[in-house]
file query.txt (compact mmCIF, C-alpha atoms and all ligand atoms)
# COMPACT_ATOMS: atom_id res chain seq x y z
CA MET A 920 0.00 0.00 0.00
CA GLU A 921 1.24 3.45 -0.82
CA GLU A 922 2.15 5.57 2.15
CA ILE A 923 0.06 8.74 2.22
CA LYS A 924 2.03 11.84 3.18
CA LYS A 925 0.79 12.62 6.65
CA GLN A 926 0.64 15.90 8.47
CA THR A 927 2.57 16.50 11.66
CA ILE A 928 0.59 18.34 14.31
CA MET A 929 1.74 19.43 17.76
CA HIS A 930 -0.54 20.34 20.64
CA ILE A 931 1.06 22.59 23.25
CA ASP A 932 -0.59 22.75 26.65
CA VAL A 933 0.63 24.81 29.61
CA ASN A 934 0.94 22.76 32.81
CA SER A 935 -1.42 24.11 35.51
CA ALA A 936 -1.50 27.36 33.58
CA TYR A 937 -3.13 29.80 36.00
CA LEU A 938 -0.97 28.71 38.89
CA SER A 939 2.26 28.63 36.86
CA TRP A 940 1.66 32.05 35.38
CA GLU A 941 0.88 33.52 38.79
CA ALA A 942 4.04 31.92 40.21
CA VAL A 943 6.23 33.31 37.41
CA PHE A 944 4.69 36.75 37.87
CA ARG A 945 5.32 36.75 41.62
CA LEU A 946 8.95 35.70 41.17
CA LYS A 947 9.40 38.43 38.59
CA ILE A 948 8.22 41.15 40.98
CA GLY A 949 10.68 39.97 43.60
CA GLU A 950 8.86 37.40 45.72
CA THR A 951 11.23 34.70 46.87
CA VAL A 952 8.69 31.91 47.35
CA ASP A 953 7.64 29.92 44.31
CA ILE A 954 3.95 29.22 44.94
CA ARG A 955 4.24 26.09 42.78
CA GLU A 956 6.34 24.56 45.54
CA ILE A 957 3.98 25.25 48.47
CA PRO A 958 0.26 24.52 49.04
CA SER A 959 -1.44 27.20 46.93
CA VAL A 960 -4.46 27.75 44.74
CA VAL A 961 -5.73 30.27 42.24
CA GLY A 962 -9.34 31.24 42.68
CA GLY A 963 -11.92 32.93 44.81
CA ASN A 964 -11.05 35.92 46.86
CA SER A 965 -8.63 35.62 49.77
CA ALA A 966 -10.20 38.55 51.66
CA THR A 967 -13.80 37.36 51.58
CA ARG A 968 -12.81 33.67 51.46
CA HIS A 969 -15.52 33.03 48.91
CA GLY A 970 -15.36 31.45 45.48
CA ILE A 971 -13.92 28.22 44.12
CA VAL A 972 -10.53 26.69 43.35
CA LEU A 973 -9.59 27.22 39.68
CA ALA A 974 -6.08 25.75 39.84
CA LYS A 975 -3.93 24.15 42.52
CA SER A 976 -0.25 23.46 43.14
CA ILE A 977 1.05 19.90 43.45
CA PRO A 978 1.65 20.35 47.21
CA ALA A 979 -2.00 21.55 47.51
CA LYS A 980 -3.13 18.41 45.69
CA LYS A 981 -1.38 16.36 48.37
CA TYR A 982 -3.80 17.87 50.91
CA GLY A 983 -6.67 16.51 48.85
CA ILE A 984 -7.63 19.89 47.43
CA ILE A 985 -9.44 19.57 44.11
CA THR A 986 -10.28 21.97 41.31
CA GLY A 987 -13.85 23.25 41.60
CA GLU A 988 -14.21 22.93 45.36
CA THR A 989 -14.93 26.00 47.47
CA ILE A 990 -12.08 28.05 48.92
CA HIS A 991 -13.77 27.58 52.27
CA SER A 992 -13.50 23.81 52.05
CA ALA A 993 -9.93 23.97 50.69
CA LEU A 994 -8.89 26.07 53.68
CA LYS A 995 -10.31 23.41 55.99
CA LYS A 996 -7.97 20.88 54.40
CA CYS A 997 -4.94 23.15 54.62
CA ARG A 998 -4.91 26.13 56.94
CA ASN A 999 -1.75 27.67 55.49
CA LEU A 1000 -3.04 27.58 51.94
CA ILE A 1001 -1.92 30.53 49.81
CA ILE A 1002 -4.83 31.90 47.77
CA ALA A 1003 -4.07 33.95 44.66
CA PRO A 1004 -7.01 35.75 43.05
CA PRO A 1005 -7.52 35.12 39.32
CA ASN A 1006 -5.76 37.58 37.03
CA HIS A 1007 -7.22 37.40 33.56
CA ASP A 1008 -4.94 40.07 32.09
CA LEU A 1009 -1.88 38.15 33.22
CA TYR A 1010 -3.18 34.95 31.60
CA LEU A 1011 -3.82 36.70 28.32
CA SER A 1012 -0.37 38.24 28.16
CA SER A 1013 1.36 35.00 29.25
CA GLY A 1014 -0.52 33.07 26.56
CA ARG A 1015 0.47 35.69 24.00
CA SER A 1016 4.17 35.41 24.91
CA MET A 1017 3.99 31.68 24.35
CA MET A 1018 2.28 32.17 20.98
CA LYS A 1019 5.14 34.43 19.89
CA ILE A 1020 7.66 31.64 20.46
CA LEU A 1021 5.44 29.05 18.73
CA GLU A 1022 5.05 31.26 15.68
CA GLU A 1023 8.80 30.99 15.06
CA TYR A 1024 8.36 27.28 14.35
CA SER A 1025 5.47 27.31 11.89
CA PRO A 1026 3.32 29.72 9.92
CA PHE A 1027 0.26 27.77 11.08
CA VAL A 1028 -0.32 28.17 14.79
CA GLU A 1029 -3.81 28.14 16.21
CA ARG A 1030 -4.51 29.51 19.66
CA TYR A 1031 -7.04 26.99 20.85
CA SER A 1032 -7.74 28.24 24.36
CA ILE A 1033 -6.13 30.54 26.86
CA ASP A 1034 -3.32 28.04 27.51
CA GLU A 1035 -3.37 25.68 24.53
CA ALA A 1036 -2.29 25.89 20.92
CA PHE A 1037 -2.00 23.68 17.85
CA LEU A 1038 1.04 23.97 15.61
CA ASP A 1039 1.21 22.47 12.12
CA TYR A 1040 4.77 21.13 11.83
CA THR A 1041 4.28 19.48 8.42
CA HIS A 1042 7.33 20.04 6.17
CA MET A 1043 9.20 21.89 8.93
CA ASP A 1044 11.71 19.10 9.75
CA TYR A 1045 14.30 20.65 7.46
CA HIS A 1046 14.40 23.80 9.60
CA PHE A 1047 14.22 22.53 13.17
CA GLY A 1048 14.80 18.77 13.02
CA ASP A 1049 12.40 15.88 13.45
CA PRO A 1050 9.17 16.61 15.36
CA VAL A 1051 10.33 15.15 18.69
CA THR A 1052 13.60 17.10 18.61
CA ALA A 1053 11.76 20.29 17.66
CA ALA A 1054 9.13 19.77 20.39
CA HIS A 1055 11.87 19.45 23.00
CA LYS A 1056 13.47 22.66 21.70
CA ILE A 1057 10.15 24.51 21.90
CA LYS A 1058 9.32 23.16 25.35
CA ASP A 1059 12.78 24.01 26.73
CA ARG A 1060 12.74 27.49 25.23
CA ILE A 1061 9.35 28.27 26.82
CA LYS A 1062 10.66 27.04 30.16
CA LYS A 1063 13.90 29.02 29.91
CA GLU A 1064 12.54 32.25 28.44
CA LEU A 1065 9.09 32.44 30.03
CA GLY A 1066 9.60 30.40 33.20
CA PHE A 1067 6.71 27.92 32.92
CA THR A 1068 6.45 24.36 31.64
CA VAL A 1069 4.31 22.85 28.90
CA ASN A 1070 3.40 19.42 27.62
CA ILE A 1071 3.64 18.82 23.89
CA GLY A 1072 1.75 16.07 22.10
CA ILE A 1073 2.73 15.06 18.56
CA SER A 1074 0.71 13.16 15.97
CA THR A 1075 -0.77 13.27 12.50
CA ASN A 1076 -3.95 15.12 13.47
CA LYS A 1077 -5.28 17.49 16.09
CA VAL A 1078 -7.28 15.07 18.22
CA LEU A 1079 -4.41 12.58 18.57
CA ALA A 1080 -1.94 15.39 19.31
CA LYS A 1081 -4.29 16.72 21.99
CA MET A 1082 -4.68 13.27 23.52
CA ALA A 1083 -0.87 12.87 23.54
CA SER A 1084 -0.24 16.13 25.38
CA ASP A 1085 -2.49 14.85 28.16
CA PHE A 1086 -0.27 11.83 28.92
CA SER A 1087 2.04 12.11 31.95
CA LYS A 1088 2.79 15.68 33.10
CA PRO A 1089 4.55 18.09 33.56
CA ASP A 1090 7.29 19.21 31.15
CA GLN A 1091 6.94 16.26 28.76
CA VAL A 1092 6.87 15.50 25.04
CA HIS A 1093 4.72 12.55 23.92
CA THR A 1094 3.89 11.07 20.53
CA LEU A 1095 0.68 9.31 19.59
CA TYR A 1096 1.13 8.23 16.00
CA PRO A 1097 -1.54 6.03 14.38
CA GLY A 1098 0.62 2.93 15.02
CA GLU A 1099 0.66 3.75 18.75
CA ILE A 1100 -3.11 4.21 19.23
CA LYS A 1101 -3.67 0.64 20.29
CA SER A 1102 -0.97 0.57 22.94
CA LYS A 1103 -1.10 4.16 24.22
CA MET A 1104 -4.71 5.32 23.85
CA TRP A 1105 -7.02 2.31 23.82
CA PRO A 1106 -6.32 1.23 27.43
CA LEU A 1107 -7.43 4.66 28.78
CA PRO A 1108 -10.92 5.14 30.29
CA VAL A 1109 -13.42 6.32 27.68
CA GLY A 1110 -14.06 9.50 29.71
CA ASP A 1111 -10.49 10.61 28.91
CA LEU A 1112 -11.31 10.82 25.20
CA PHE A 1113 -11.59 14.30 23.72
CA MET A 1114 -15.26 15.46 23.64
CA VAL A 1115 -16.56 12.65 25.84
CA GLY A 1116 -18.25 14.28 28.82
CA LYS A 1117 -19.23 12.69 32.11
CA ALA A 1118 -22.81 12.02 30.98
CA THR A 1119 -21.73 10.34 27.73
CA ALA A 1120 -19.12 8.27 29.56
CA THR A 1121 -21.86 7.00 31.91
CA ASP A 1122 -24.10 6.14 28.93
CA PHE A 1123 -21.22 4.29 27.29
CA GLN A 1124 -20.64 2.31 30.50
CA LYS A 1125 -24.24 1.07 30.32
CA ILE A 1126 -23.59 -0.68 27.01
CA GLY A 1127 -20.28 -2.11 28.13
CA ILE A 1128 -17.89 0.53 26.87
CA SER A 1129 -15.39 1.44 29.56
CA THR A 1130 -12.15 2.09 27.67
CA ILE A 1131 -11.38 4.09 24.52
CA GLY A 1132 -10.51 0.73 22.89
CA ASP A 1133 -13.99 -0.63 23.73
CA LEU A 1134 -15.52 2.33 21.91
CA ALA A 1135 -13.15 2.07 18.93
CA ASN A 1136 -14.13 -1.58 18.39
CA TYR A 1137 -17.86 -1.15 18.98
CA ASP A 1138 -20.33 -1.61 16.12
CA ILE A 1139 -20.59 1.83 14.50
CA ASP A 1140 -24.23 1.24 13.51
CA VAL A 1141 -25.23 0.71 17.13
CA ILE A 1142 -23.28 3.83 18.16
CA ARG A 1143 -24.96 5.81 15.41
CA SER A 1144 -28.47 4.74 16.34
CA LYS A 1145 -27.96 5.33 20.06
CA PHE A 1146 -25.72 8.41 20.12
CA ARG A 1147 -26.31 10.06 16.75
CA ARG A 1148 -23.72 12.41 15.27
CA ASN A 1149 -21.79 13.02 18.46
CA GLY A 1150 -21.45 9.28 18.95
CA VAL A 1151 -20.05 8.82 15.46
CA MET A 1152 -17.62 11.69 16.00
CA VAL A 1153 -16.14 10.28 19.20
CA TRP A 1154 -16.08 6.76 17.70
CA GLU A 1155 -13.93 8.22 14.92
CA PHE A 1156 -11.69 9.94 17.50
CA ALA A 1157 -11.27 6.62 19.31
CA ASN A 1158 -10.05 5.20 16.01
CA GLY A 1159 -7.70 8.13 15.47
CA ILE A 1160 -9.81 9.68 12.70
CA ASP A 1161 -9.96 13.50 12.59
CA ASP A 1162 -9.41 15.68 9.55
CA CYS A 1163 -9.68 19.16 11.04
CA VAL A 1164 -6.92 21.49 9.92
CA VAL A 1165 -4.92 23.89 12.04
CA SER A 1166 -6.37 27.31 11.32
CA SER A 1167 -4.37 30.40 12.13
CA GLU A 1168 -7.54 31.92 13.51
CA ASP A 1169 -7.10 33.12 17.08
CA TYR A 1170 -9.78 31.67 19.33
CA LEU A 1171 -10.06 35.04 20.98
CA LYS A 1172 -11.10 36.52 17.65
CA SER A 1173 -13.65 33.87 16.85
CA LYS A 1174 -15.37 34.34 20.17
CA GLY A 1175 -16.01 38.03 19.96
CA VAL A 1176 -15.47 40.78 22.50
CA GLY A 1177 -17.83 42.05 25.15
CA ASN A 1178 -18.00 44.13 28.30
CA SER A 1179 -20.84 44.81 30.67
CA THR A 1180 -21.52 46.55 33.95
CA THR A 1181 -23.88 46.43 36.88
CA ILE A 1182 -24.90 49.99 37.49
CA ALA A 1183 -24.79 51.39 41.03
CA PHE A 1184 -28.30 52.83 40.68
CA ASP A 1185 -31.36 51.81 38.66
CA VAL A 1186 -31.26 53.54 35.31
CA THR A 1187 -34.63 54.91 34.28
CA GLU A 1188 -33.61 57.58 31.76
CA ARG A 1189 -32.82 56.77 28.17
CA LYS A 1190 -30.05 59.39 28.04
CA ILE A 1191 -28.23 57.86 31.01
CA ALA A 1192 -28.49 54.39 29.52
CA HIS A 1193 -26.96 55.76 26.31
CA LYS A 1194 -24.08 57.24 28.28
CA VAL A 1195 -23.38 53.91 29.99
CA LEU A 1196 -23.43 52.23 26.58
CA LEU A 1197 -20.96 54.79 25.25
CA ALA A 1198 -18.60 54.14 28.18
CA ILE A 1199 -18.82 50.40 27.47
CA ALA A 1200 -18.39 50.90 23.70
CA GLU A 1201 -15.15 52.75 24.45
CA THR A 1202 -13.52 49.74 26.10
CA VAL A 1203 -15.04 47.13 23.80
CA CYS A 1204 -13.74 49.00 20.76
CA MET A 1205 -10.31 49.61 22.26
CA ARG A 1206 -10.02 45.87 22.80
CA LEU A 1207 -11.20 45.23 19.29
CA ARG A 1208 -8.62 47.60 17.79
CA ASP A 1209 -5.96 46.19 20.08
CA GLN A 1210 -6.42 42.71 18.63
CA LYS A 1211 -6.76 44.13 15.10
CA SER A 1212 -10.31 42.90 14.59
CA ALA A 1213 -13.40 44.47 13.10
CA ALA A 1214 -16.90 43.40 14.14
CA GLY A 1215 -19.80 42.43 11.91
CA VAL A 1216 -22.44 41.95 14.60
CA VAL A 1217 -23.31 44.15 17.59
CA SER A 1218 -25.51 43.02 20.43
CA VAL A 1219 -26.83 44.88 23.46
CA GLU A 1220 -27.76 43.13 26.67
CA ILE A 1221 -30.15 44.55 29.22
CA LYS A 1222 -30.91 43.23 32.69
CA ASN A 1223 -33.75 44.92 34.50
CA LYS A 1224 -34.26 45.41 38.22
CA ASP A 1225 -36.10 42.08 38.45
CA PHE A 1226 -32.99 40.42 36.99
CA ILE A 1227 -34.76 39.58 33.76
CA LYS A 1228 -32.25 39.56 30.95
CA TYR A 1229 -32.87 40.24 27.29
CA SER A 1230 -30.76 41.19 24.32
CA HIS A 1231 -31.05 42.53 20.83
CA GLN A 1232 -28.55 42.27 18.02
CA ALA A 1233 -27.94 43.50 14.48
CA LYS A 1234 -25.67 42.67 11.60
CA LEU A 1235 -23.73 45.67 10.32
CA CYS A 1236 -23.55 46.55 6.60
CA SER A 1237 -19.77 46.40 6.84
CA ASN A 1238 -17.39 45.32 9.61
CA THR A 1239 -16.00 48.07 11.79
CA ASP A 1240 -13.83 48.79 14.84
CA CYS A 1241 -14.88 52.43 15.26
CA THR A 1242 -16.21 53.46 18.65
CA ASN A 1243 -18.69 55.96 17.17
CA GLU A 1244 -20.09 53.47 14.68
CA ILE A 1245 -20.51 50.66 17.18
CA PHE A 1246 -21.98 53.02 19.76
CA LYS A 1247 -24.48 54.31 17.20
CA THR A 1248 -25.69 50.78 16.51
CA ALA A 1249 -25.76 49.91 20.21
CA LYS A 1250 -27.88 52.98 20.91
CA THR A 1251 -30.40 52.07 18.20
CA LEU A 1252 -30.55 48.48 19.45
CA PHE A 1253 -31.15 49.69 22.97
CA ASP A 1254 -33.94 52.02 21.89
CA GLU A 1255 -35.60 49.21 19.98
CA ALA A 1256 -35.35 46.69 22.79
CA TRP A 1257 -35.82 48.64 26.02
CA LYS A 1258 -39.26 48.22 27.56
CA GLY A 1259 -38.90 51.30 29.75
CA GLU A 1260 -38.46 49.53 33.09
CA PRO A 1261 -35.58 50.34 35.52
CA ILE A 1262 -32.26 48.80 34.42
CA ARG A 1263 -29.59 47.20 36.61
CA HIS A 1264 -27.09 45.94 34.11
CA LEU A 1265 -26.02 46.82 30.56
CA GLY A 1266 -23.61 45.20 28.16
CA ILE A 1267 -22.32 45.32 24.60
CA ARG A 1268 -20.94 42.34 22.76
CA VAL A 1269 -19.48 42.39 19.25
CA SER A 1270 -18.89 39.28 17.18
CA ASP A 1271 -18.50 37.91 13.67
CA LEU A 1272 -15.00 39.36 13.74
CA CYS A 1273 -12.57 39.65 10.88
CA ASP A 1274 -9.09 41.05 10.51
CA SER A 1275 -9.39 44.84 10.61
CA ASN A 1276 -6.89 45.18 7.77
CA VAL A 1277 -9.11 43.34 5.34
CA TYR A 1278 -12.63 44.56 6.03
CA GLN A 1279 -14.45 46.45 3.32
CA LYS A 1280 -15.44 50.01 3.68
CA SER A 1281 -18.96 50.72 2.62
CA LEU A 1282 -19.09 53.18 -0.25
CA PHE A 1283 -21.27 55.83 1.29
CA ASP A 1284 -19.63 56.68 4.56
CA GLU A 1285 -16.00 56.47 3.56
CA LYS A 1286 -15.10 60.03 4.53
CA LEU A 1287 -16.78 59.85 7.89
CA HIS A 1288 -15.29 56.41 8.47
CA ASP A 1289 -11.76 57.66 7.80
CA ARG A 1290 -12.28 60.56 10.16
CA ASN A 1291 -13.60 58.27 12.91
CA LYS A 1292 -10.70 55.92 12.41
CA ALA A 1293 -8.13 58.68 12.71
CA LEU A 1294 -9.85 59.92 15.86
CA ASP A 1295 -9.88 56.44 17.41
CA ASN A 1296 -6.21 55.92 16.64
CA THR A 1297 -5.26 59.22 18.24
CA ILE A 1298 -7.34 58.51 21.34
CA ASP A 1299 -5.90 55.00 21.69
CA HIS A 1300 -2.41 56.40 21.36
CA LEU A 1301 -2.98 59.06 24.03
CA ARG A 1302 -4.61 56.61 26.42
CA ARG A 1303 -1.81 54.12 26.02
CA ARG A 1304 0.77 56.78 26.60
CA TYR A 1305 -0.80 58.90 29.33
CA GLY A 1306 -3.41 56.62 30.90
CA THR A 1307 -7.03 55.80 30.11
CA ASN A 1308 -8.38 58.96 31.71
CA SER A 1309 -6.01 61.28 29.85
CA ILE A 1310 -8.70 61.89 27.26
CA VAL A 1311 -12.41 61.46 27.89
CA ARG A 1312 -15.55 62.62 26.18
CA ALA A 1313 -16.99 65.91 27.41
CA CYS A 1314 -20.43 64.39 28.02
CA PHE A 1315 -18.99 62.47 31.00
CA ILE A 1316 -17.80 65.57 32.82
CA LYS A 1317 -19.88 66.08 35.97
CA SER A 1318 -21.75 62.88 35.21
CA GLN A 1319 -22.23 60.01 37.67
CA ILE A 1320 -20.96 57.65 35.01
CA LYS A 1321 -17.34 56.70 34.49
CA PRO A 1322 -16.10 57.60 30.98
CA LEU A 1323 -14.72 54.11 30.35
CA ILE A 1324 -16.42 50.97 31.65
CA GLY A 1325 -15.13 47.42 31.32
CA ARG A 1326 -11.83 45.65 31.01
CA LEU A 1327 -9.29 46.67 28.42
CA ASN A 1328 -7.70 43.36 27.53
MG MG B 1 -3.32 23.39 30.42
call {"tool": "encode", "arguments": {"input": "query.txt", "output": "structure tokens", "more": "lines below"}}
Ligand SMILES: [Mg+2]
result
Amino acid sequence: MEEIKKQTIMHIDVNSAYLSWEAVFRLKIGETVDIREIPSVVGGNSATRHGIVLAKSIPAKKYGIITGETIHSALKKCRNLIIAPPNHDLYLSSGRSMMKILEEYSPFVERYSIDEAFLDYTHMDYHFGDPVTAAHKIKDRIKKELGFTVNIGISTNKVLAKMASDFSKPDQVHTLYPGEIKSKMWPLPVGDLFMVGKATATDFQKIGISTIGDLANYDIDVIRSKFRRNGVMVWEFANGIDDCVVSSEDYLKSKGVGNSTTIAFDVTERKIAHKVLLAIAETVCMRLRDQKSAAGVVSVEIKNKDFIKYSHQAKLCSNTDCTNEIFKTAKTLFDEAWKGEPIRHLGIRVSDLCDSNVYQKSLFDEKLHDRNKALDNTIDHLRRRYGTNSIVRACFIKSQIKPLIGRLN
């Protein structure tokens, strides 16, 4: 049989990402204790002692602390537990630094989640050596230059590469080539398979499927009739079949950008609601421009004083990243949707994003669009240089509303 030229895909996964990134950050600002080496967790709020554990150190694990349990219960297990609050901005920038290194090894790198990426290494052997050698180089560079460890899985498709990176941790490179599926993947519990949730795993158990191998060798017609399309998909995964390609699309872009706020008082006036929307549009659009995206869909979310939530959205004629344009749409959407009752919470979300360098200008508003764009660029520049409050819109002066609402990255 003729050998088909296979792809080489790597899956890079940061080991206990939130905790590692927090540890690296603390060492960088001069702390002497590495929180990875003592009982510590990321999550909740250390002052109020509320919330849940999002990530834990290995020493914390030894106390029986598990991800998802309450901080309160974790503290009962270990009184000296160090609790670090989540820091989303830090995670974003740490993930970005890793992406920069990965992009040196392939033109096709896909940021899959905040701490995971796929890298298409096909035809790259000539530059950086065979995949295993290259993966070790990448892993060691991340450790040396950024201070945290990753696992790298290597295979011929994304699902197998992802499964491989989940083998023993931390700081490891694993392969899971098609010839290794039987020995390395089939003995694992079926719940470990990508896309098999707890509920599906339980349903599989009922028909005698407990390992990935059991699923792989099960009659596909039975799987299809009982579990439909999802069943067929995971049966294919169990057999190592997956033909998704690595797209250079950033997951952050595909998800859209949104900010929202709970207002300190009930808003009953249309004008005030508009002002809050403008303050939110400012941050949403700054984030959009920061990641070089332009939005095609705008949606406004309203929560009233009885906590009833509703939203309204519209597709734009052409994609944009301009604050004025997005605010204008948000305002119209609000006016159309608002039922006139007191409002507690307002939000704007933009989606259907594309690269801001490639979006089309609509023919009619080109002049205005160029002027808005120049204005936005100047404002962004000033705010970056002199702080977010260095330039604010006059309508916010002497107003109870902050001129910028929502996070900036
Ligand atoms: Mg991870």
call {"tool": "residues_around", "arguments": {"input": "query.txt", "residues": "Ile1100 of chain A", "least_positions_apart": "3", "cutoff": "9 Å", "atoms": "all atoms listed in the file", "output": "list in words"}}
result
Leu1079, Leu1095, Tyr1096, Pro1097, Lys1103, Met1104, Trp1105, Gly1132, Ala1157, Asn1158 and Gly1159 of chain A
call {"tool": "atom_distance", "arguments": {"input": "query.txt", "atom1": "atom CA of Leu1000 of chain A", "atom2": "atom CA of Ala974 of chain A"}}
result
12.6 Å
call {"tool": "closest_residue", "arguments": {"input": "query.txt", "among": "A:Thr1251, A:Thr1068, A:Thr989, A:Asn999", "to": "ligand MG 1 (chain B)", "atoms": "all atoms listed in the file"}}
result
A:Thr1068
call {"tool": "atom_distance", "arguments": {"input": "query.txt", "atom1": "atom CA of Ala1036 of chain A", "atom2": "atom CA of Lys980 of chain A"}}
result
25.9 Å
call {"tool": "closest_atom_pairs", "arguments": {"input": "query.txt", "of": "chain A", "to": "ligand MG 1 (chain B)", "cutoff": "12 Å", "atoms": "all atoms listed in the file", "output": "CSV"}}
result
residue,atom,partner,partner_atom,distance
A:His930,CA,B:MG1,MG,10.6
A:Ile931,CA,B:MG1,MG,8.4
A:Asp932,CA,B:MG1,MG,4.7
A:Val933,CA,B:MG1,MG,4.3
A:Asn934,CA,B:MG1,MG,4.9
A:Ser935,CA,B:MG1,MG,5.5
A:Ala936,CA,B:MG1,MG,5.4
A:Tyr937,CA,B:MG1,MG,8.5
A:Leu938,CA,B:MG1,MG,10.3
A:Ser939,CA,B:MG1,MG,10.0
A:Trp940,CA,B:MG1,MG,11.2
A:Leu973,CA,B:MG1,MG,11.8
A:Ala974,CA,B:MG1,MG,10.1
A:Tyr1010,CA,B:MG1,MG,11.6
A:Gly1014,CA,B:MG1,MG,10.8
A:Tyr1031,CA,B:MG1,MG,10.9
A:Ser1032,CA,B:MG1,MG,8.9
A:Ile1033,CA,B:MG1,MG,8.5
A:Asp1034,CA,B:MG1,MG,5.5
A:Glu1035,CA,B:MG1,MG,6.3
A:Ala1036,CA,B:MG1,MG,9.9
A:Phe1067,CA,B:MG1,MG,11.3
A:Thr1068,CA,B:MG1,MG,9.9
A:Val1069,CA,B:MG1,MG,7.8
A:Asn1070,CA,B:MG1,MG,8.3
A:Ile1071,CA,B:MG1,MG,10.6
A:Lys1081,CA,B:MG1,MG,10.8
A:Ser1084,CA,B:MG1,MG,9.4
A:Asp1085,CA,B:MG1,MG,8.9
A:Lys1088,CA,B:MG1,MG,10.2
A:Pro1089,CA,B:MG1,MG,10.0
A:Asp1090,CA,B:MG1,MG,11.4
call {"tool": "residues_around", "arguments": {"input": "query.txt", "residues": "Thr927 of chain A", "least_positions_apart": "4", "cutoff": "12 Å", "atoms": "only C-alpha atoms", "output": "ChimeraX atom specification"}}
result
/A:1025,1027,1037-1044,1049-1051,1053-1054,1072-1080,1094-1097,1164-1165
call {"tool": "closest_atom_pairs", "arguments": {"input": "query.txt", "of": "segment 1080-1180 of chain A", "to": "segment 1255-1268 of chain A", "cutoff": "8 Å", "atoms": "only C-alpha atoms", "output": "CSV"}}
result
residue,atom,partner,partner_atom,distance
A:Gly1175,CA,A:Arg1268,CA,7.1
A:Val1176,CA,A:Arg1268,CA,5.7
A:Gly1177,CA,A:Arg1268,CA,3.9
A:Asn1178,CA,A:Gly1266,CA,5.7
A:Ser1179,CA,A:Gly1266,CA,3.8
A:Thr1180,CA,A:His1264,CA,5.6
call {"tool": "atom_distance", "arguments": {"input": "query.txt", "atom1": "atom CA of Gln1091 of chain A", "atom2": "atom CA of Thr1119 of chain A"}}
result
29.3 Å
call {"tool": "residues_near_point", "arguments": {"input": "query.txt", "point": "(-4.8, 18.6, 53.7)", "cutoff": "10 Å", "atoms": "only C-alpha atoms", "output": "count of residues only"}}
result
16
call {"tool": "residues_around", "arguments": {"input": "query.txt", "residues": "segment 1120-1124 of chain A", "least_positions_apart": "3", "cutoff": "10 Å", "atoms": "all atoms listed in the file", "output": "list in words"}}
result
Pro1108, Val1109, Gly1110, Asp1111, Leu1112, Val1115, Gly1116, Lys1117, Gly1127, Ile1128, Ser1129, Thr1130, Asp1133, Leu1134, Ile1142, Lys1145, Phe1146 and Gly1150 of chain A
call {"tool": "residues_near_point", "arguments": {"input": "query.txt", "point": "(-5.6, 56.3, 20.4)", "cutoff": "12 Å", "atoms": "all atoms listed in the file", "output": "PyMOL selection string"}}
result
chain A and resi 1201-1202+1204-1206+1208-1209+1241-1242+1291-1311
call {"tool": "closest_residue", "arguments": {"input": "query.txt", "among": "A:Thr1248, A:Asn1149, A:Ser1087, A:Ser1012", "to": "Glu941 of chain A", "atoms": "all atoms listed in the file"}}
result
A:Ser1012
call {"tool": "closest_residue", "arguments": {"input": "query.txt", "among": "A:Lys947, A:Lys1234, A:His991, A:Arg1060", "to": "Tyr1024 of chain A", "atoms": "all atoms listed in the file"}}
result
A:Arg1060
call {"tool": "closest_residue", "arguments": {"input": "query.txt", "among": "A:Thr986, A:Asn1243, A:Ser959, A:Ser1212", "to": "Val972 of chain A", "atoms": "all atoms listed in the file"}}
result
A:Thr986
call {"tool": "closest_residue", "arguments": {"input": "query.txt", "among": "A:Val1092, A:Ile1020, A:Arg1147, A:Ala1192", "to": "Asn1223 of chain A", "atoms": "only C-alpha atoms"}}
result
A:Ala1192
call {"tool": "closest_residue", "arguments": {"input": "query.txt", "among": "A:Gln1232, A:Ser1102, A:Gly1215, A:Lys1194", "to": "Ser1318 of chain A", "atoms": "all atoms listed in the file"}}
result
A:Lys1194
call {"tool": "axis_aligned_box", "arguments": {"input": "query.txt", "around": "segment 1083-1094 of chain A", "padding_each_side": "3 Å", "output": "lines of an AutoDock Vina configuration file"}}
result
center_x = 2.4
center_y = 15.1
center_z = 27.0
size_x = 15.8
size_y = 14.1
size_z = 19.0
call {"tool": "build_atoms", "arguments": {"input": "query.txt", "residues": "segment 1312-1318 of chain A", "atoms": "N, CA and C atoms", "output": "short mmCIF file (atom, residue, chain, number, x, y, z; two decimals), in the frame of the given file"}}
result
data_model
loop_
_atom_site.label_atom_id
_atom_site.label_comp_id
_atom_site.auth_asym_id
_atom_site.auth_seq_id
_atom_site.Cartn_x
_atom_site.Cartn_y
_atom_site.Cartn_z
N ARG A 1312 -14.55 61.82 26.88
CA ARG A 1312 -15.55 62.62 26.18
C ARG A 1312 -16.20 63.64 27.12
N ALA A 1313 -16.48 64.81 26.59
CA ALA A 1313 -16.99 65.91 27.41
C ALA A 1313 -18.31 65.55 28.08
N CYS A 1314 -19.11 64.70 27.45
CA CYS A 1314 -20.43 64.39 28.02
C CYS A 1314 -20.32 63.69 29.38
N PHE A 1315 -19.12 63.18 29.72
CA PHE A 1315 -18.99 62.47 31.00
C PHE A 1315 -18.59 63.40 32.14
N ILE A 1316 -18.21 64.63 31.78
CA ILE A 1316 -17.80 65.57 32.82
C ILE A 1316 -19.02 65.88 33.69
N LYS A 1317 -18.82 65.87 34.99
CA LYS A 1317 -19.88 66.08 35.97
C LYS A 1317 -21.01 65.07 35.83
N SER A 1318 -20.70 63.89 35.31
CA SER A 1318 -21.75 62.88 35.21
C SER A 1318 -21.43 61.80 36.26
#
